[in-house]
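Colleague: Take this structure first; my questions come after.
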Amino acid sequence: MMAKKVIRIHNKSDKPDNIVEKENLIIEKCLEMESELPSFMRDFFIYLKNGVAISTRLAYLQDILFFCRYLVSETQLTAATDIKEIRIEEFNKIKARDLNRFLGEYCTRYTIEKPESVMIMENHNRALARKKSSLAVLFKFLYRDEAIKENIAEGLNPIHLPKPQPDAIKRLEIDEVAKMLDVVENGTGFTEKELVYWEKTKRRDKAILTVFVTYGLRLKELQQLNVSSFNFGRGDFKIYRKRGKEVSMPLNQSVEKVIKEYISLERPPEQMISQEHRDALFLSLQKTRLTEKAIRELVKKYTSLALGTNKENGYSPHKLRATAATSLIQYGFSIYDVQNLLDHDNVTTTQLYAAHKKNVKRDIVNSFEWLDEYDKKNSPR
């Protein structure tokens, strides 16, 4: 068996090598799935390559490959025994009712047989809605490209998603953020064994948590941070958001302090780190870039202690993003400023966090007492 070739990056863009490399891994997965799908979808693949974010491209291809597997193994809609053999003529005969049966019957609950077990898979409305969206995009494109005669996606049944409720948004209260930072500062609540590990990583962990609750970064955005992302002279740092957007974020004193302390007092010297991970900001004890999984576990550990619960009930990095949003709004920043900081596509997302502003109705009403105003005007001089 041939050894896998080492990937070398010849990068002429402004993106750091680690982000280019990660995107390349996703692109390789996309190409692998495209090679399994029918050749009549080639123009659709080109559309995805140039028209959507690579994470969206991957999600669409996963859903479409899943649908094609269903066609071959579960239906009489194709004579093909292999996905690649599905013909456009067969796709042309698929009706909206066939897609609705796929989404409404098969996808809601199906089984995957393994050598020693049978796995029951269930999809709820959010997952079904994504699959519906993927198929709608495919059939709409094939119709527009004149490969099929009818856009059957218009006949898909609606999938109702529950409207997000502000009370359902989990986040830390401001006093719980203080507890979490106290845990990372002092090791409060750790066992003796955990304290040994904490002593080696406390500055790194404090920097990670502080960045999360200050900027509300997405997990991927924080994990991709490099030492070279930071320009302390100018007081800012770069992050790369969805769809490859490069954004400059200002440093405040708290974040600058914890990052500098971590780099100077805890992070291994550059010569001790392999070339591949030398620029990575947050490193594991093995001197490699922290994975998203490791950061997720780290956050759950510290938030569970702040909440006084077990680790399984600790919060994810995304809930620290919600924490940043609600905290900023409680401190008086407008939802439009918070929307800009957190990179929400739609301000209605930010408005959900605004609903968490405690006692806002009471504050408004108590600040405007009609009877007080009336009494003042009518009291004897």
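In the structure tokens, chains take letters A, B, ... by order of appearance, with residues numbered from 1 within each chain and ligands from 1 in the order shown.
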Report as a tab-separated table: every residue of region 178-238 of chain A with an atom at most 7 Å from region 338-355 of chain A, its closest pair of atoms, and their distance in Å to one decimal, counting only C-alpha atoms, with rows sorted by chain and ascending residue number.

Modeller:
```
residue	atom	partner	partner_atom	distance
A:Tyr215	CA	A:Leu341	CA	6.9
A:Gly216	CA	A:Leu342	CA	6.0
A:Leu217	CA	A:Leu342	CA	6.9
```

Colleague: Next, the residues of the selection above should be written as an mmCIF file, in the first residue's frame with all heavy atoms.

Modeller:
```
data_model
loop_
_atom_site.group_PDB
_atom_site.id
_atom_site.type_symbol
_atom_site.label_atom_id
_atom_site.label_comp_id
_atom_site.auth_asym_id
_atom_site.auth_seq_id
_atom_site.Cartn_x
_atom_site.Cartn_y
_atom_site.Cartn_z
ATOM 1 N N TYR A 215 -15.504 38.222 22.374
ATOM 2 C CA TYR A 215 -15.828 38.442 20.959
ATOM 3 C C TYR A 215 -16.947 37.542 20.439
ATOM 4 O O TYR A 215 -17.452 37.789 19.339
ATOM 5 C CB TYR A 215 -14.582 38.218 20.094
ATOM 6 C CG TYR A 215 -13.451 39.162 20.417
ATOM 7 C CD1 TYR A 215 -12.403 38.759 21.239
ATOM 8 C CD2 TYR A 215 -13.434 40.455 19.911
ATOM 9 C CE1 TYR A 215 -11.372 39.618 21.555
ATOM 10 C CE2 TYR A 215 -12.402 41.329 20.218
ATOM 11 C CZ TYR A 215 -11.369 40.911 21.037
ATOM 12 O OH TYR A 215 -10.349 41.766 21.348
ATOM 13 N N GLY A 216 -17.309 36.506 21.192
ATOM 14 C CA GLY A 216 -18.329 35.591 20.701
ATOM 15 C C GLY A 216 -17.899 34.885 19.429
ATOM 16 O O GLY A 216 -18.705 34.639 18.532
ATOM 17 N N LEU A 217 -16.605 34.530 19.344
ATOM 18 C CA LEU A 217 -16.113 33.860 18.140
ATOM 19 C C LEU A 217 -16.752 32.491 17.980
ATOM 20 O O LEU A 217 -17.124 31.844 18.953
ATOM 21 C CB LEU A 217 -14.584 33.684 18.201
ATOM 22 C CG LEU A 217 -13.699 34.936 18.214
ATOM 23 C CD1 LEU A 217 -12.246 34.528 18.031
ATOM 24 C CD2 LEU A 217 -14.108 35.940 17.162
#
```

Colleague: Taking 3 positions as the minimum chain separation for residues in the same chain, which residues sit within 8 Å of Cys107 (chain A) when counting only C-alpha atoms? Answer as a list of chain:residue names.

Modeller: A:Phe102, A:Leu103, A:Gly104, A:Tyr110, A:Glu122, A:Asn123, A:Leu128

Colleague: Would you list the contacts of Glu312 (chain A) as a PyMOL selection string, taking every protein, DNA or RNA residue within 10 Å and counting only C-alpha atoms, but skipping same-chain residues closer than 3 positions in sequence?

Modeller: chain A and resi 297+300-301+304+309+315

Colleague: Write to file, as a tab-separated table (two decimals), in the first residue's frame, the residues of the selection just made, with all heavy atoms.

Modeller:
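Final output, saved to result24.tsv:
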```
chain	number	residue	atom	x	y	z
A	297	GLU	N	-14.19	20.27	24.59
A	297	GLU	CA	-14.11	19.59	25.89
A	297	GLU	C	-13.62	20.53	26.98
A	297	GLU	O	-14.08	20.49	28.12
A	297	GLU	CB	-13.19	18.36	25.78
A	297	GLU	CG	-13.78	17.23	24.95
A	297	GLU	CD	-15.08	16.70	25.53
A	297	GLU	OE1	-15.09	16.39	26.73
A	297	GLU	OE2	-16.07	16.63	24.79
A	300	LYS	N	-16.48	22.80	28.00
A	300	LYS	CA	-17.47	22.07	28.80
A	300	LYS	C	-16.97	21.87	30.23
A	300	LYS	O	-17.75	21.97	31.18
A	300	LYS	CB	-17.76	20.71	28.15
A	300	LYS	CG	-18.58	20.79	26.88
A	300	LYS	CD	-19.04	19.43	26.41
A	300	LYS	CE	-20.20	18.92	27.22
A	300	LYS	NZ	-20.81	17.71	26.67
A	301	LYS	N	-15.68	21.61	30.36
A	301	LYS	CA	-15.10	21.38	31.70
A	301	LYS	C	-15.24	22.62	32.58
A	301	LYS	O	-15.73	22.55	33.71
A	301	LYS	CB	-13.63	20.98	31.55
A	301	LYS	CG	-12.89	20.82	32.87
A	301	LYS	CD	-11.46	20.36	32.63
A	301	LYS	CE	-10.60	21.42	31.96
A	301	LYS	NZ	-9.19	21.01	31.82
A	304	SER	N	-18.99	23.72	33.26
A	304	SER	CA	-19.69	22.83	34.20
A	304	SER	C	-19.35	23.20	35.64
A	304	SER	O	-20.22	23.17	36.52
A	304	SER	CB	-19.33	21.37	33.92
A	304	SER	OG	-17.97	21.10	34.21
A	309	THR	N	-22.39	21.82	37.93
A	309	THR	CA	-22.98	20.60	37.40
A	309	THR	C	-21.88	19.67	36.92
A	309	THR	O	-20.69	19.99	37.04
A	309	THR	CB	-23.96	20.94	36.25
A	309	THR	OG1	-24.62	19.75	35.84
A	309	THR	CG2	-23.23	21.55	35.06
A	315	TYR	N	-21.37	23.63	29.05
A	315	TYR	CA	-21.79	24.32	27.83
A	315	TYR	C	-20.77	24.20	26.71
A	315	TYR	O	-19.57	24.03	26.95
A	315	TYR	CB	-22.05	25.79	28.13
A	315	TYR	CG	-23.36	26.06	28.83
A	315	TYR	CD1	-23.68	27.34	29.28
A	315	TYR	CD2	-24.30	25.05	29.03
A	315	TYR	CE1	-24.88	27.61	29.92
A	315	TYR	CE2	-25.50	25.30	29.66
A	315	TYR	CZ	-25.79	26.58	30.10
A	315	TYR	OH	-26.99	26.83	30.73
```

Colleague: Find the spatial neighbours of Leu31 (chain A), counting only C-alpha atoms, within a cut-off of 10 Å - ignore same-chain residues fewer than 5 positions away - and output them as a PyMOL selection string.

Modeller: chain A and resi 25-26+36+45+58+61

Colleague: Applying 12 Å and only C-alpha atoms, which residues near Asn231 (chain A) remain after dropping the ones on its own chain fewer than 2 positions away? List them as a list of chain:residue names.

Modeller: A:Asn226, A:Val227, A:Ser228, A:Ser229, A:Gly233, A:Arg234, A:Gly235, A:Asp236, A:Phe237, A:Lys238, A:Ser248, A:Met249, A:Pro250, A:Leu251, A:Glu256, A:Ile259, A:Lys260

Colleague: Which residues come within 10 Å of Phe66 (chain A), counting only C-alpha atoms, excluding same-chain residues fewer than 6 positions away, as a list in words?

Modeller: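 Listed by chain and then number, they are Tyr60, Ile83, Cys107 and Lys131 of chain A.
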
Colleague: Output the selection as a tab-separated table (two decimals), in the first residue's frame - C-alpha atoms for each residue.

Modeller:
```tsv
chain	number	residue	atom	x	y	z
A	60	TYR	CA	-25.18	19.55	-0.20
A	83	ILE	CA	-25.01	5.33	-7.89
A	107	CYS	CA	-35.41	10.01	6.38
A	131	LYS	CA	-31.94	17.65	3.17
```

Colleague: Please determine, counting only C-alpha atoms, which residue among A:Tyr336, A:Phe44, A:Phe139, A:Tyr240 has the shortest atom-to-atom distance to Lys93 (chain A).

Modeller: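 Smallest separation from Lys93 (chain A) among the options: A:Phe139.
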
Colleague: Using DSSP on the backbone coordinates, identify all residues within region 90-255 of chain A classified as strand (DSSP E or B); present the result as a ChimeraX atom specification.

Modeller: /A:109-113,118-122,226,230-231,236-240,246-250

Colleague: Nearest to Phe141 (chain A): which of A:Asp82, A:Asp279, A:Asp43, A:Glu270 is it, counting only C-alpha atoms?

Modeller: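 So, comparing all the options, the nearest one is A:Asp43.
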
Colleague: Determine which residues of region 116-277 of chain A receive a DSSP assignment of alpha helix (DSSP H), computed from the backbone, and state them as number ranges by chain.

Modeller: A: 125-144, 174-186, 192-215, 219-223, 253-265
